[in-house]
Every structure is written in structure tokens, then in C-alpha cells.
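Novice: Below you'll find target-v3.cif; it's mmCIF, C-alpha atoms and all ligand atoms.
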data_work
#
loop_
_atom_site.label_atom_id
_atom_site.label_comp_id
_atom_site.auth_asym_id
_atom_site.auth_seq_id
_atom_site.Cartn_x
_atom_site.Cartn_y
_atom_site.Cartn_z
CA MET A 74 10.82 -64.87 66.21
CA SER A 75 12.62 -65.71 63.01
CA GLN A 76 16.29 -66.55 63.35
CA LYS A 77 19.04 -65.02 61.26
CA VAL A 78 21.07 -67.97 60.04
CA PRO A 79 24.56 -67.16 58.74
CA VAL A 80 24.68 -66.88 54.93
CA THR A 81 27.37 -66.30 52.31
CA ARG A 82 27.64 -65.72 48.56
CA THR A 83 27.81 -69.50 47.95
CA ASP A 84 24.24 -69.79 49.26
CA PHE A 85 23.17 -67.88 46.14
CA ASP A 86 24.22 -70.76 43.91
CA ARG A 87 22.50 -73.18 46.23
CA TYR A 88 19.16 -71.47 46.83
CA LEU A 89 18.52 -68.85 44.13
CA VAL A 90 17.26 -69.32 40.58
CA PRO A 91 20.40 -68.75 38.51
CA SER A 92 19.00 -65.82 36.51
CA TYR A 93 21.73 -63.56 37.93
CA ALA A 94 25.47 -63.94 38.38
CA PRO A 95 26.09 -61.64 41.35
CA SER A 96 29.47 -60.31 42.42
CA ARG A 97 31.47 -62.08 45.11
CA ILE A 98 30.80 -59.00 47.29
CA VAL A 99 27.74 -59.17 49.55
CA PRO A 100 26.86 -55.63 50.66
CA VAL A 101 25.37 -55.48 54.14
CA ARG A 102 25.22 -51.77 54.90
CA GLY A 103 25.31 -48.43 53.09
CA ARG A 104 25.58 -44.81 54.08
CA GLY A 105 25.77 -41.98 51.56
CA SER A 106 28.08 -43.14 48.78
CA ARG A 107 29.85 -45.79 50.86
CA VAL A 108 28.89 -49.45 51.16
CA TRP A 109 30.27 -52.15 53.48
CA ASP A 110 30.45 -55.86 52.73
CA GLN A 111 30.13 -58.88 55.03
CA GLN A 112 33.79 -58.61 56.02
CA GLY A 113 33.39 -54.95 56.98
CA HIS A 114 35.27 -53.84 53.88
CA GLU A 115 34.34 -50.33 52.70
CA LEU A 116 33.53 -49.62 49.06
CA ILE A 117 32.74 -46.40 47.18
CA ASP A 118 29.50 -46.63 45.22
CA PHE A 119 29.60 -45.10 41.72
CA GLY A 120 26.69 -47.25 40.51
CA GLY A 121 23.94 -46.30 42.93
CA GLY A 122 22.62 -49.85 42.61
CA ILE A 123 21.78 -49.49 38.95
CA ALA A 124 21.10 -45.74 38.87
CA VAL A 125 18.64 -46.18 41.74
CA THR A 126 19.95 -44.66 44.96
CA GLY A 127 19.86 -41.06 43.72
CA LEU A 128 20.22 -39.74 47.24
CA GLY A 129 22.72 -42.34 48.37
CA HIS A 130 22.21 -45.03 50.98
CA ALA A 131 20.21 -44.60 54.18
CA HIS A 132 19.41 -40.92 53.59
CA PRO A 133 18.06 -39.78 56.97
CA ALA A 134 14.97 -38.09 55.51
CA LEU A 135 14.04 -41.24 53.60
CA VAL A 136 14.70 -43.48 56.59
CA ALA A 137 12.42 -41.23 58.65
CA ALA A 138 9.68 -41.22 56.00
CA ILE A 139 9.66 -45.01 55.62
CA THR A 140 9.85 -45.57 59.37
CA GLU A 141 6.98 -43.21 60.03
CA GLN A 142 4.85 -44.80 57.31
CA ALA A 143 5.79 -48.31 58.49
CA ASN A 144 4.38 -47.38 61.88
CA THR A 145 1.24 -45.99 60.28
CA LEU A 146 -0.09 -47.98 57.28
CA TRP A 147 1.66 -50.35 54.84
CA HIS A 148 -1.16 -51.59 52.70
CA ALA A 149 -4.75 -50.78 52.04
CA SER A 150 -5.17 -52.14 48.44
CA ASN A 151 -6.52 -50.17 45.50
CA LEU A 152 -10.05 -50.66 46.82
CA PHE A 153 -9.00 -47.52 48.70
CA THR A 154 -6.77 -44.65 47.86
CA ASN A 155 -4.21 -43.52 50.42
CA GLU A 156 -2.62 -40.27 51.54
CA PRO A 157 0.99 -40.90 50.44
CA ALA A 158 -0.19 -41.86 46.92
CA LEU A 159 -2.40 -38.77 46.70
CA ARG A 160 0.43 -36.50 47.83
CA LEU A 161 3.02 -38.06 45.54
CA ALA A 162 0.70 -37.93 42.51
CA ARG A 163 -0.07 -34.28 43.16
CA LYS A 164 3.61 -33.43 43.47
CA LEU A 165 4.55 -35.32 40.29
CA VAL A 166 1.78 -33.52 38.40
CA GLU A 167 2.83 -30.12 39.74
CA ALA A 168 6.46 -30.79 38.82
CA THR A 169 5.88 -32.01 35.24
CA PHE A 170 3.82 -31.74 32.02
CA ALA A 171 1.49 -34.42 33.34
CA ASP A 172 -2.08 -34.20 34.71
CA LYS A 173 -2.44 -37.79 35.88
CA VAL A 174 -0.31 -40.56 37.38
CA PHE A 175 -0.59 -44.36 37.47
CA PHE A 176 1.55 -46.13 40.06
CA ALA A 177 3.31 -49.45 39.54
CA ASN A 178 6.16 -51.24 41.31
CA SER A 179 9.02 -51.18 38.80
CA GLY A 180 10.20 -49.72 35.53
CA ALA A 181 8.95 -52.67 33.53
CA GLU A 182 5.51 -52.34 35.09
CA ALA A 183 5.39 -48.60 34.43
CA ASN A 184 6.24 -49.35 30.79
CA GLU A 185 3.74 -52.22 30.67
CA ALA A 186 1.09 -49.68 31.70
CA ALA A 187 2.34 -47.19 29.11
CA PHE A 188 2.31 -49.74 26.27
CA LYS A 189 -1.12 -51.06 27.23
CA LEU A 190 -2.37 -47.46 27.39
CA GLY A 191 -0.87 -46.84 23.94
CA ARG A 192 -2.68 -49.88 22.55
CA ARG A 193 -5.95 -48.93 24.22
CA TYR A 194 -5.64 -45.37 22.99
CA GLY A 195 -5.01 -46.66 19.47
CA ALA A 196 -8.01 -48.97 19.57
CA ASN A 197 -10.29 -46.25 20.90
CA THR A 198 -9.18 -43.51 18.52
CA GLY A 199 -8.08 -45.28 15.34
CA GLY A 200 -9.76 -48.67 15.25
CA GLU A 201 -8.50 -52.22 15.37
CA ASN A 202 -5.41 -51.71 13.19
CA LYS A 203 -3.92 -48.84 15.14
CA TYR A 204 -1.74 -50.97 17.41
CA GLU A 205 1.80 -50.61 16.11
CA ILE A 206 4.47 -49.58 18.59
CA VAL A 207 7.68 -48.10 17.20
CA SER A 208 10.75 -48.62 19.36
CA ALA A 209 14.51 -48.28 18.94
CA ILE A 210 17.11 -50.90 18.22
CA ASN A 211 19.24 -51.48 21.35
CA SER A 212 16.61 -49.89 23.57
CA PHE A 213 15.80 -51.39 26.96
CA HIS A 214 12.32 -51.25 28.47
CA GLY A 215 12.17 -54.06 31.03
CA ARG A 216 11.73 -57.80 31.47
CA THR A 217 8.00 -58.55 31.34
CA LEU A 218 6.87 -60.31 28.18
CA PHE A 219 5.47 -57.13 26.61
CA THR A 220 8.44 -54.99 27.57
CA VAL A 221 11.07 -57.48 26.32
CA ASN A 222 9.22 -57.49 23.02
CA VAL A 223 9.34 -53.70 22.81
CA THR A 224 12.99 -53.74 23.93
CA GLY A 225 15.16 -53.61 20.83
CA GLN A 226 17.57 -56.42 21.76
CA ALA A 227 16.71 -59.96 20.68
CA LYS A 228 18.67 -61.55 23.54
CA TYR A 229 15.98 -60.45 25.98
CA SER A 230 12.99 -61.75 24.02
CA SER A 231 14.15 -64.89 22.23
CA GLY A 232 13.20 -68.27 23.62
CA PHE A 233 9.92 -67.15 25.19
CA GLY A 234 7.48 -68.31 22.54
CA PRO A 235 5.70 -66.23 19.89
CA ARG A 236 6.65 -62.57 19.81
CA ILE A 237 4.07 -59.92 20.55
CA GLU A 238 2.94 -58.64 17.17
CA GLY A 239 2.94 -55.06 16.05
CA VAL A 240 6.28 -53.84 17.35
CA ARG A 241 8.74 -52.24 14.93
CA HIS A 242 12.35 -51.50 15.78
CA VAL A 243 14.26 -48.72 14.04
CA ALA A 244 17.82 -47.45 14.42
CA PHE A 245 18.16 -44.95 17.29
CA ASN A 246 18.78 -41.33 16.26
CA ASP A 247 17.93 -42.18 12.62
CA ILE A 248 15.28 -39.65 11.57
CA ALA A 249 14.68 -41.18 8.14
CA ALA A 250 14.10 -44.62 9.67
CA LEU A 251 11.60 -43.13 12.11
CA GLU A 252 9.79 -41.29 9.31
CA ALA A 253 9.52 -44.55 7.38
CA ALA A 254 8.21 -46.53 10.37
CA VAL A 255 5.62 -44.17 11.86
CA GLY A 256 2.25 -44.09 10.10
CA PRO A 257 -1.51 -44.05 10.66
CA ASN A 258 -1.39 -47.51 12.30
CA THR A 259 1.16 -46.39 14.87
CA CYS A 260 -0.36 -46.09 18.34
CA ALA A 261 2.86 -45.18 20.15
CA VAL A 262 6.52 -44.34 19.68
CA VAL A 263 8.70 -45.15 22.67
CA ILE A 264 12.14 -43.63 23.20
CA GLU A 265 14.71 -43.45 25.99
CA PRO A 266 16.02 -39.84 25.89
CA ILE A 267 19.39 -41.38 26.72
CA GLN A 268 19.75 -45.09 25.97
CA GLY A 269 21.02 -46.36 29.30
CA GLU A 270 21.60 -50.11 29.26
CA SER A 271 23.04 -50.18 25.76
CA GLY A 272 25.83 -47.67 26.37
CA VAL A 273 24.70 -44.24 27.65
CA ILE A 274 23.80 -42.86 24.23
CA PRO A 275 22.00 -39.49 24.26
CA ALA A 276 19.25 -38.84 21.72
CA ASP A 277 19.91 -36.01 19.29
CA PRO A 278 17.61 -33.05 20.02
CA ALA A 279 16.46 -33.03 16.37
CA TYR A 280 15.53 -36.71 16.64
CA LEU A 281 13.21 -36.19 19.61
CA LYS A 282 11.74 -33.09 17.99
CA ARG A 283 10.97 -35.03 14.80
CA ALA A 284 9.51 -37.89 16.84
CA ARG A 285 7.12 -35.38 18.45
CA GLU A 286 6.08 -34.05 15.01
CA LEU A 287 5.56 -37.55 13.60
CA CYS A 288 3.43 -38.56 16.59
CA ASP A 289 1.32 -35.42 16.23
CA ALA A 290 0.85 -35.94 12.50
CA ASN A 291 -0.15 -39.60 12.98
CA LYS A 292 -2.12 -39.24 16.24
CA ALA A 293 0.29 -41.56 18.02
CA LEU A 294 1.47 -41.26 21.61
CA LEU A 295 5.04 -40.21 22.26
CA ILE A 296 6.27 -42.23 25.25
CA PHE A 297 9.54 -41.31 26.95
CA ASP A 298 10.99 -44.11 29.02
CA GLU A 299 12.71 -42.07 31.74
CA VAL A 300 13.12 -44.97 34.13
CA GLN A 301 16.87 -44.37 34.10
CA THR A 302 17.14 -40.72 32.98
CA GLY A 303 14.52 -39.31 35.33
CA MET A 304 14.47 -38.09 38.93
CA GLY A 305 17.36 -35.68 38.53
CA ARG A 306 19.77 -38.17 37.00
CA ILE A 307 20.79 -35.88 34.13
CA GLY A 308 20.55 -32.63 36.08
CA LYS A 309 16.88 -31.82 35.37
CA LEU A 310 14.03 -33.54 37.15
CA PHE A 311 13.29 -35.34 33.85
CA ALA A 312 15.34 -35.41 30.66
CA TYR A 313 12.46 -34.13 28.49
CA GLU A 314 12.95 -30.73 30.12
CA HIS A 315 16.53 -30.65 28.93
CA TYR A 316 15.45 -31.43 25.36
CA GLY A 317 12.40 -29.17 25.38
CA VAL A 318 10.30 -31.94 23.84
CA VAL A 319 7.19 -32.86 25.83
CA PRO A 320 5.98 -36.47 25.64
CA ASP A 321 2.39 -37.69 26.01
CA VAL A 322 3.41 -40.40 28.43
CA LEU A 323 6.48 -40.65 30.65
CA THR A 324 7.61 -43.57 32.77
CA SER A 325 9.71 -43.34 35.91
CA ALA A 326 11.11 -45.87 38.39
CA LYS A 327 14.72 -46.54 39.52
CA SER A 328 15.58 -43.35 41.52
CA LEU A 329 11.88 -42.59 42.11
CA GLY A 330 11.86 -44.62 45.33
CA ASN A 331 15.62 -44.37 45.94
CA GLY A 332 15.67 -48.15 46.29
CA PHE A 333 12.15 -48.74 47.57
CA PRO A 334 10.30 -50.46 44.69
CA ILE A 335 7.97 -48.06 42.89
CA GLY A 336 7.25 -47.07 39.31
CA ALA A 337 5.03 -44.43 37.82
CA MET A 338 3.43 -43.62 34.50
CA LEU A 339 2.64 -39.97 33.90
CA THR A 340 0.29 -38.68 31.22
CA THR A 341 -2.22 -36.01 30.30
CA ASP A 342 -5.92 -35.82 31.19
CA ALA A 343 -7.11 -36.59 27.67
CA ILE A 344 -4.96 -39.71 27.35
CA ALA A 345 -5.47 -40.95 30.91
CA GLY A 346 -9.20 -41.19 30.18
CA HIS A 347 -8.57 -44.22 27.95
CA PHE A 348 -8.01 -46.22 31.13
CA THR A 349 -11.25 -46.68 33.05
CA PRO A 350 -11.96 -48.63 36.26
CA GLY A 351 -10.93 -52.22 35.59
CA THR A 352 -8.72 -51.71 32.51
CA HIS A 353 -5.43 -52.02 34.38
CA GLY A 354 -4.20 -52.44 37.93
CA SER A 355 -1.74 -53.80 40.45
CA THR A 356 -2.13 -55.03 44.02
CA TYR A 357 0.95 -53.19 45.22
CA GLY A 358 0.86 -50.22 42.83
CA GLY A 359 0.62 -46.97 44.78
CA ASN A 360 1.24 -48.64 48.15
CA PRO A 361 1.70 -46.23 51.05
CA LEU A 362 5.30 -47.24 51.86
CA GLY A 363 6.63 -46.81 48.32
CA CYS A 364 4.77 -43.55 47.84
CA ALA A 365 6.00 -42.17 51.17
CA ALA A 366 9.60 -42.91 50.13
CA ALA A 367 9.14 -41.41 46.66
CA GLU A 368 7.43 -38.29 47.99
CA VAL A 369 10.46 -37.41 50.08
CA ALA A 370 12.89 -38.41 47.29
CA LEU A 371 11.00 -36.08 44.94
CA ASP A 372 10.94 -33.22 47.45
CA ILE A 373 14.68 -33.46 47.97
CA ILE A 374 15.77 -34.08 44.36
CA ASN A 375 13.48 -31.44 42.86
CA SER A 376 15.23 -28.62 44.71
CA PRO A 377 17.84 -26.10 43.57
CA GLU A 378 20.28 -27.46 46.19
CA VAL A 379 20.37 -30.89 44.56
CA LEU A 380 19.78 -30.09 40.87
CA GLU A 381 22.20 -27.17 40.79
CA GLY A 382 24.90 -29.31 42.39
CA ILE A 383 24.90 -31.81 39.54
CA PRO A 384 26.83 -29.93 36.79
CA ALA A 385 29.89 -29.47 39.02
CA ARG A 386 29.87 -33.16 39.90
CA HIS A 387 29.48 -34.02 36.21
CA GLU A 388 32.52 -31.88 35.42
CA ARG A 389 34.57 -33.48 38.18
CA PHE A 390 33.91 -36.91 36.64
CA MET A 391 34.40 -35.79 33.04
CA GLN A 392 37.74 -34.04 33.55
CA ARG A 393 39.28 -36.97 35.33
CA LEU A 394 37.83 -39.60 32.98
CA GLU A 395 39.03 -37.64 29.96
CA LYS A 396 42.46 -37.39 31.52
CA MET A 397 42.51 -41.17 32.09
CA ALA A 398 41.41 -41.64 28.48
CA LYS A 399 44.51 -39.68 27.42
CA ASP A 400 46.97 -41.06 29.95
CA TYR A 401 46.14 -44.74 29.49
CA GLY A 402 44.37 -44.87 26.11
CA VAL A 403 41.54 -46.87 27.70
CA PHE A 404 38.57 -44.78 26.56
CA SER A 405 37.77 -43.63 23.05
CA GLN A 406 34.98 -41.36 24.29
CA VAL A 407 33.41 -40.19 27.52
CA ARG A 408 29.75 -39.19 27.13
CA GLY A 409 26.49 -38.69 28.96
CA MET A 410 24.74 -35.98 30.92
CA GLY A 411 24.56 -35.05 34.56
CA LEU A 412 25.40 -38.10 36.63
CA LEU A 413 24.71 -40.66 33.93
CA ILE A 414 28.12 -41.01 32.33
CA GLY A 415 29.51 -43.62 29.95
CA ALA A 416 33.20 -44.20 29.24
CA VAL A 417 33.58 -46.11 25.97
CA LEU A 418 36.44 -48.62 25.99
CA SER A 419 38.92 -48.03 23.19
CA SER A 420 39.32 -50.66 20.46
CA GLN A 421 42.08 -52.50 22.32
CA TRP A 422 39.79 -53.14 25.30
CA GLN A 423 36.51 -53.87 23.50
CA GLY A 424 34.27 -56.44 25.11
CA GLN A 425 36.04 -56.21 28.47
CA ALA A 426 33.71 -53.91 30.44
CA ALA A 427 32.81 -56.72 32.88
CA ASP A 428 36.51 -57.34 33.55
CA PHE A 429 37.06 -53.64 34.29
CA VAL A 430 34.09 -53.73 36.69
CA ARG A 431 35.74 -56.64 38.52
CA ALA A 432 39.09 -54.85 38.55
CA CYS A 433 37.33 -51.89 40.21
CA GLU A 434 35.82 -54.19 42.84
CA ASP A 435 39.33 -55.33 43.65
CA GLN A 436 40.11 -51.66 44.37
CA ASP A 437 36.97 -51.27 46.55
CA LEU A 438 34.98 -49.36 43.92
CA LEU A 439 31.54 -50.21 42.57
CA ILE A 440 30.87 -49.15 38.96
CA LEU A 441 28.52 -50.43 36.25
CA GLN A 442 28.83 -51.54 32.69
CA ALA A 443 26.41 -50.56 29.91
CA GLY A 444 26.85 -53.34 27.41
CA PRO A 445 30.22 -55.02 26.79
CA ASN A 446 32.11 -51.87 25.78
CA VAL A 447 31.05 -49.08 28.10
CA LEU A 448 31.78 -48.36 31.77
CA ARG A 449 28.81 -46.59 33.34
CA PHE A 450 28.78 -44.20 36.28
CA ALA A 451 25.46 -43.41 37.99
CA PRO A 452 26.37 -42.30 41.51
CA SER A 453 24.29 -40.51 44.11
CA LEU A 454 23.25 -37.04 42.92
CA ILE A 455 24.58 -35.63 46.20
CA ILE A 456 27.84 -37.58 46.30
CA ASP A 457 30.58 -35.67 48.16
CA PHE A 458 33.45 -34.34 46.06
CA THR A 459 35.86 -36.18 48.34
CA ASP A 460 34.06 -39.44 47.52
CA ILE A 461 34.22 -38.61 43.80
CA ASP A 462 37.95 -37.93 43.98
CA GLU A 463 38.71 -40.98 46.07
CA GLY A 464 36.56 -43.20 43.85
CA LEU A 465 38.31 -41.86 40.76
CA ASP A 466 41.68 -42.58 42.41
CA ARG A 467 40.52 -46.15 42.92
CA LEU A 468 39.32 -46.29 39.31
CA GLU A 469 42.72 -45.13 38.12
CA ARG A 470 44.44 -47.80 40.21
CA ALA A 471 42.06 -50.42 38.76
CA ILE A 472 42.80 -49.28 35.20
CA LYS A 473 46.56 -49.25 35.79
CA SER A 474 46.53 -52.69 37.34
CA TYR A 475 44.19 -54.20 34.72
CA ILE A 476 45.98 -52.87 31.67
CA GLY A 477 49.36 -53.53 33.27
CA ALA A 478 48.49 -57.19 33.87
CA HIS A 479 46.90 -57.56 30.45
CA GLU A 480 49.65 -55.84 28.47
CA SER A 481 52.44 -57.72 30.26
CA ALA A 482 50.53 -60.98 29.69
CA THR A 483 50.35 -60.34 25.95
CA ALA A 484 53.87 -58.85 25.66
C1 LIG B 1 15.97 -50.32 34.32
C2 LIG B 1 15.13 -49.89 33.18
C3 LIG B 1 13.84 -50.45 32.95
C4 LIG B 1 13.30 -51.59 33.78
O1 LIG B 1 13.07 -51.23 35.10
P1 LIG B 1 12.83 -52.38 36.19
O2 LIG B 1 12.55 -51.64 37.45
O3 LIG B 1 14.05 -53.22 36.22
O4 LIG B 1 11.66 -53.19 35.74
C5 LIG B 1 13.09 -49.94 31.91
N1 LIG B 1 13.55 -48.95 31.13
C6 LIG B 1 14.76 -48.40 31.32
C7 LIG B 1 15.20 -47.28 30.43
C8 LIG B 1 15.59 -48.85 32.33
O5 LIG B 1 16.82 -48.31 32.49
#
Rewrite the structure from the file as C-alpha cells, please.

Specialist:
Amino acid sequence: MSQKVPVTRTDFDRYLVPSYAPSRIVPVRGRGSRVWDQQGHELIDFGGGIAVTGLGHAHPALVAAITEQANTLWHASNLFTNEPALRLARKLVEATFADKVFFANSGAEANEAAFKLGRRYGANTGGENKYEIVSAINSFHGRTLFTVNVTGQAKYSSGFGPRIEGVRHVAFNDIAALEAAVGPNTCAVVIEPIQGESGVIPADPAYLKRARELCDANKALLIFDEVQTGMGRIGKLFAYEHYGVVPDVLTSAKSLGNGFPIGAMLTTDAIAGHFTPGTHGSTYGGNPLGCAAAEVALDIINSPEVLEGIPARHERFMQRLEKMAKDYGVFSQVRGMGLLIGAVLSSQWQGQAADFVRACEDQDLLILQAGPNVLRFAPSLIIDFTDIDEGLDRLERAIKSYIGAHESATA
């Protein structure tokens, strides 16, 4: 038997590679939209991890699905297929534009598969020069070497040796820039329908529509990175439905497994055929446990009860956040869709998103930032209205106390 030795936050600095700077809070338990720390302190969760726990913590149906699968089969390798993967793939296909699914273990890996498929598709259909990938400035696509190079933020890719060639970055929502960048050598255009990490910035409908036309005209794949926007987050199962623009490839992760690691790449029959046995793979991709979790998450999220409950929750957040913007002058804009909401700090508070996040922790509230200037809210899609109201009360207290301390310090 292994022994559970007592541990604290300071053990992080002692034993973990310092690639993160975690909060002082160590969560030990979660239920719905509430989380408890080591001291038994209760917090309200408006972050959902990072837009991951779409059905909250310890959802009984997910606990049951994982427990049942854990007692049945955890791993069989991709030398075999397995029932949970077959069921999940079928359900994803039936619920979307897609005909085929590739399973991975994270958003970055789903994107890695999508970008490799784009390159392979380009090579097969347009020859050796059709390898250019067009991506957006300030986009975020993950942390593998390929995905940091497609990500449009130099801080993620610098210092790791030569860049991957053939990636162009253009300003987001700039149709003229996209028209200038996409050509016969483009194999893929990749877009987040709402830029998540860089500030919750929705794409303009006309931009996505033009991207579709440019991809069609140049025989390039349109890839939507829906790792953050998918699985009900914006009130539709996937954001492309909201925009009415259908991609060739879509990637999903985050809420797909509700916290159990899984990613997926969805595409059409014709495009899927450019991957053949041996072209790409993953030991854990499509493992029975992850697929069992995601199958139940998909069943629950893709239902009228959950999806139709999102607009009212969105409104509850928006009204209160807009009121706080007015009452305290902290936000210049509140934007987003469904339960992916960004509150942009006004000029006086620029660069202080991390400090506001800490001030919220002091009021027992977990929120996220999206870059240095935006507070991000990505709670459970089924969060109770009482939890929303109480969390927003805590947010208001955090804002009052933070700006009070700051303004009196500078007065
Ligand atoms: C989080 C995120 C990723 C990366 O997902 P990981 O699971 O961390 O690898 C990729 N794209 C978008 C849009 C994301 O929000």
C-alpha cells in the first residue's frame, strides 16, 4: 500500500518543475460549482478549471461512468479499438458536421493532429509547396512545438530553437489581411471562433464566412480550434453552429472530458482519408476511461435541458458585470458568448488582471484572467443561479476592496 504523506503548497516549489506559479490555495475536493481547500475553506468556482469542468465537479453521472469503466477496462492500446471510443466517435459524428474522429489526450494534441493532417492533405493534393498554415496573431493553440509555432504569440515559441517554417500570422478579424495571406500554397487556415486565452474576443461572422470562401477557393482546410469554445461553452454544442460556418476540421478538448484528459479532432470522410494506418497515433488516444467520461459529458451537455439553460445564466452574469462596470468604473467592456465571458479592465486598471484574480481568491472566489487586461468567467454550464449570485457578490466585494486599497494607496 502506498502511504499518503502530508503535503502543502510549499512542496510545489521543492518538488515540481517551476513551469507554473500556482495559487496559494490547494483544492482538495469539488462538488458542483463549489471547491474546498486543504483547510476546509469553501470557494465558488467561476473558472471551471480553465473552462474544463463544464458540468461542475464530481457530477454523479460522470463519477458513475468513470467508476464503471475503471472496473471494466482502462487500457487496451490502439492495436485494438474499444467500445467507449466507438460510442463516443459515433455520437460526435451524429452531433456535428463531421464523419470521422481522431482521439488525442489534450487540446494541443488534437491541434497537433489537425496541423499534421493539414500538412499531409496539402502534400497529397497540392504538392511539396502546399504547406503554409495561416493563423491569427494572439491566437492560442497549445504548448507542443508545432502548436506553439502556430500560436500567434511569440512568448510561447521563443527560446526553443528554429521555428517551424511555413506558418503565417495575420491580425484576427482582419479580412484584408486574411485575403493577402491565403493562397495556392496554403494548406490550412486555423481560427478560434472566440479567441480565449488572449481576451475572449469573438470572431466577426463576416470574417469566418470569408475564411471559408478563401479556403474553398484555394483548396485549403479550414480548421476551427474549438478546444475552449466547444462542448456547450457558448450555448451551442460547438461555436461553428452559432456562426453558421462549417469547418473542414474541428478540434475539441477542455470540457470534452469534464476534467478527464481527452482531446478529439473531427473531420470529413474525404479529408480523414489523408491519414492512413501509421501516419499518426498516440498510446493513450481514445483510451476507454477518457472516452467513457466524454460520452456521458456529451450526452448531458448536448441536451435541451443544458443548452437552453445557458442564455439565462449568461444574462445573469452580464447584467451584474455591466452594473459593476458602471458602479466602480472597473470594466470598459463586458463581452463573450454563453458562459465564456470576458470583462475588460478599464484604462486605470490595465495590466492588473492577475491582482484582481488574487483579490477574488481572498473573497473565496475562483475566476480566470485572459491576458493581463481581461477577467474571464468560464463556470459550469449548469451552475445554480444561487451560486452565480453569491459568486458575483464575492466578486463585487473583491473589486471594492481592491480598488479601495489601491485608490487610497495612491491618494
Ligand atoms: C487550452 C487551449 C488549447 C490547449 O489545450 P491543452 O489541453 O492545454 O493542450 C488549445 N487551443 C485553445 C483554443 C485552448 O483554449

Novice: Using all atoms listed in the file, find each protein or nucleic acid residue lying at most 6 Å from ligand LIG 1 (chain B); present the set as a count of residues only.

Specialist: 13

Novice: Counting only C-alpha atoms, figure out which residue out of A:Ala416, A:Val78, A:Leu329, A:Leu218 gets nearest to Val447 in chain A.

Specialist: A:Ala416

Novice: Please provide as a PyMOL selection string all residues within 12 Å of range 97-102 of chain A, with the sequence filter that same-chain residues fewer than 2 positions apart are discarded (counting all atoms listed in the file).

Specialist: chain A and resi 80-86+94-95+104-118+122+129-131+431+433-435+437-439

Novice: Find the residue from A:Leu161, A:Ala293, A:Leu362, A:Leu281 that sits nearest to Glu205 in chain A; use only C-alpha atoms when measuring.

Specialist: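 Between A:Leu161, A:Ala293, A:Leu362, A:Leu281, the residue approaching Glu205 in chain A most closely is A:Ala293.
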
Novice: Could you check which of A:Pro452, A:Pro334, A:Gly305, A:Pro350 is closest to Ala366 in chain A, using all atoms listed in the file?

Specialist: A:Pro334

Novice: Residues within 9 Å of (40.3, -46.9, 41.9), file coordinates, counting all atoms listed in the file: what are they? Give the list as a list in words.

Specialist: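 Looking at atoms near the point gives Ala432, Cys433, Glu434, Asp435, Gln436, Asp437, Leu438, Glu463, Gly464, Leu465, Asp466, Arg467, Leu468, Glu469, Arg470, Ala471 and Ile472 of chain A.
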
Novice: Between A:Leu165, A:Ala370, A:Ile274, A:Val403, which is the closest to Pro133 in chain A once you count only C-alpha atoms?

Specialist: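 Closest to Pro133 in chain A of all the choices is A:Ala370.
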
Novice: Using all atoms listed in the file, which of the listed residues (A:Asp342, A:Asp428, A:Glu368, A:Glu378) sits closest to Ile440 in chain A?

Specialist: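 The answer is A:Asp428, which sits nearest to Ile440 in chain A.
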
Novice: I'd like to know which of A:Ala385, A:Ala279, A:Ala183, A:Leu441 is closest to Gly336 in chain A, using all atoms listed in the file.

Specialist: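 For Gly336 in chain A, the nearest of the given residues is A:Ala183.
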
Novice: Which polymer residues have any atom within 9 Å of an atom of Phe458 in chain A, counting all atoms listed in the file, with same-chain residues fewer than 3 positions away left out, as a PyMOL selection string?

Specialist: chain A and resi 386+389+455+461-463

Novice: At a cut-off of 9 Å around the point (11.6, -28.4, 14.4) (file coordinates), what residues fall inside when counting only C-alpha atoms? I'd like the answer as a ChimeraX atom specification.

Specialist: /A:279,282-283,286

Novice: Any chance you could build range 435-448 of chain A out to N, CA and C atoms and write it as an mmCIF file, keeping the file's coordinate frame?

Specialist:
data_model
loop_
_atom_site.group_PDB
_atom_site.id
_atom_site.type_symbol
_atom_site.label_atom_id
_atom_site.label_comp_id
_atom_site.auth_asym_id
_atom_site.auth_seq_id
_atom_site.Cartn_x
_atom_site.Cartn_y
_atom_site.Cartn_z
ATOM 1 N N ASP A 435 38.085 -54.996 42.956
ATOM 2 C CA ASP A 435 39.330 -55.330 43.650
ATOM 3 C C ASP A 435 39.970 -54.103 44.274
ATOM 4 N N GLN A 436 39.605 -52.913 43.780
ATOM 5 C CA GLN A 436 40.110 -51.660 44.370
ATOM 6 C C GLN A 436 39.039 -50.989 45.247
ATOM 7 N N ASP A 437 38.032 -51.765 45.651
ATOM 8 C CA ASP A 437 36.970 -51.270 46.550
ATOM 9 C C ASP A 437 36.138 -50.150 45.915
ATOM 10 N N LEU A 438 35.815 -50.328 44.648
ATOM 11 C CA LEU A 438 34.980 -49.360 43.920
ATOM 12 C C LEU A 438 33.890 -50.106 43.159
ATOM 13 N N LEU A 439 32.650 -49.630 43.310
ATOM 14 C CA LEU A 439 31.540 -50.210 42.570
ATOM 15 C C LEU A 439 31.211 -49.309 41.378
ATOM 16 N N ILE A 440 31.322 -49.865 40.164
ATOM 17 C CA ILE A 440 30.870 -49.150 38.960
ATOM 18 C C ILE A 440 29.977 -50.098 38.185
ATOM 19 N N LEU A 441 29.414 -49.621 37.067
ATOM 20 C CA LEU A 441 28.520 -50.430 36.250
ATOM 21 C C LEU A 441 29.073 -50.547 34.851
ATOM 22 N N GLN A 442 28.580 -51.538 34.123
ATOM 23 C CA GLN A 442 28.830 -51.540 32.690
ATOM 24 C C GLN A 442 27.520 -51.182 31.991
ATOM 25 N N ALA A 443 27.606 -50.776 30.739
ATOM 26 C CA ALA A 443 26.410 -50.560 29.910
ATOM 27 C C ALA A 443 26.735 -51.244 28.598
ATOM 28 N N GLY A 444 26.419 -52.520 28.535
ATOM 29 C CA GLY A 444 26.850 -53.340 27.410
ATOM 30 C C GLY A 444 28.313 -53.732 27.595
ATOM 31 N N PRO A 445 28.868 -54.466 26.632
ATOM 32 C CA PRO A 445 30.220 -55.020 26.790
ATOM 33 C C PRO A 445 31.347 -54.003 26.640
ATOM 34 N N ASN A 446 31.039 -52.800 26.137
ATOM 35 C CA ASN A 446 32.110 -51.870 25.780
ATOM 36 C C ASN A 446 32.106 -50.549 26.534
ATOM 37 N N VAL A 447 31.184 -50.387 27.456
ATOM 38 C CA VAL A 447 31.050 -49.080 28.100
ATOM 39 C C VAL A 447 31.022 -49.246 29.623
ATOM 40 N N LEU A 448 31.860 -48.452 30.311
ATOM 41 C CA LEU A 448 31.780 -48.360 31.770
ATOM 42 C C LEU A 448 30.797 -47.251 32.104
#
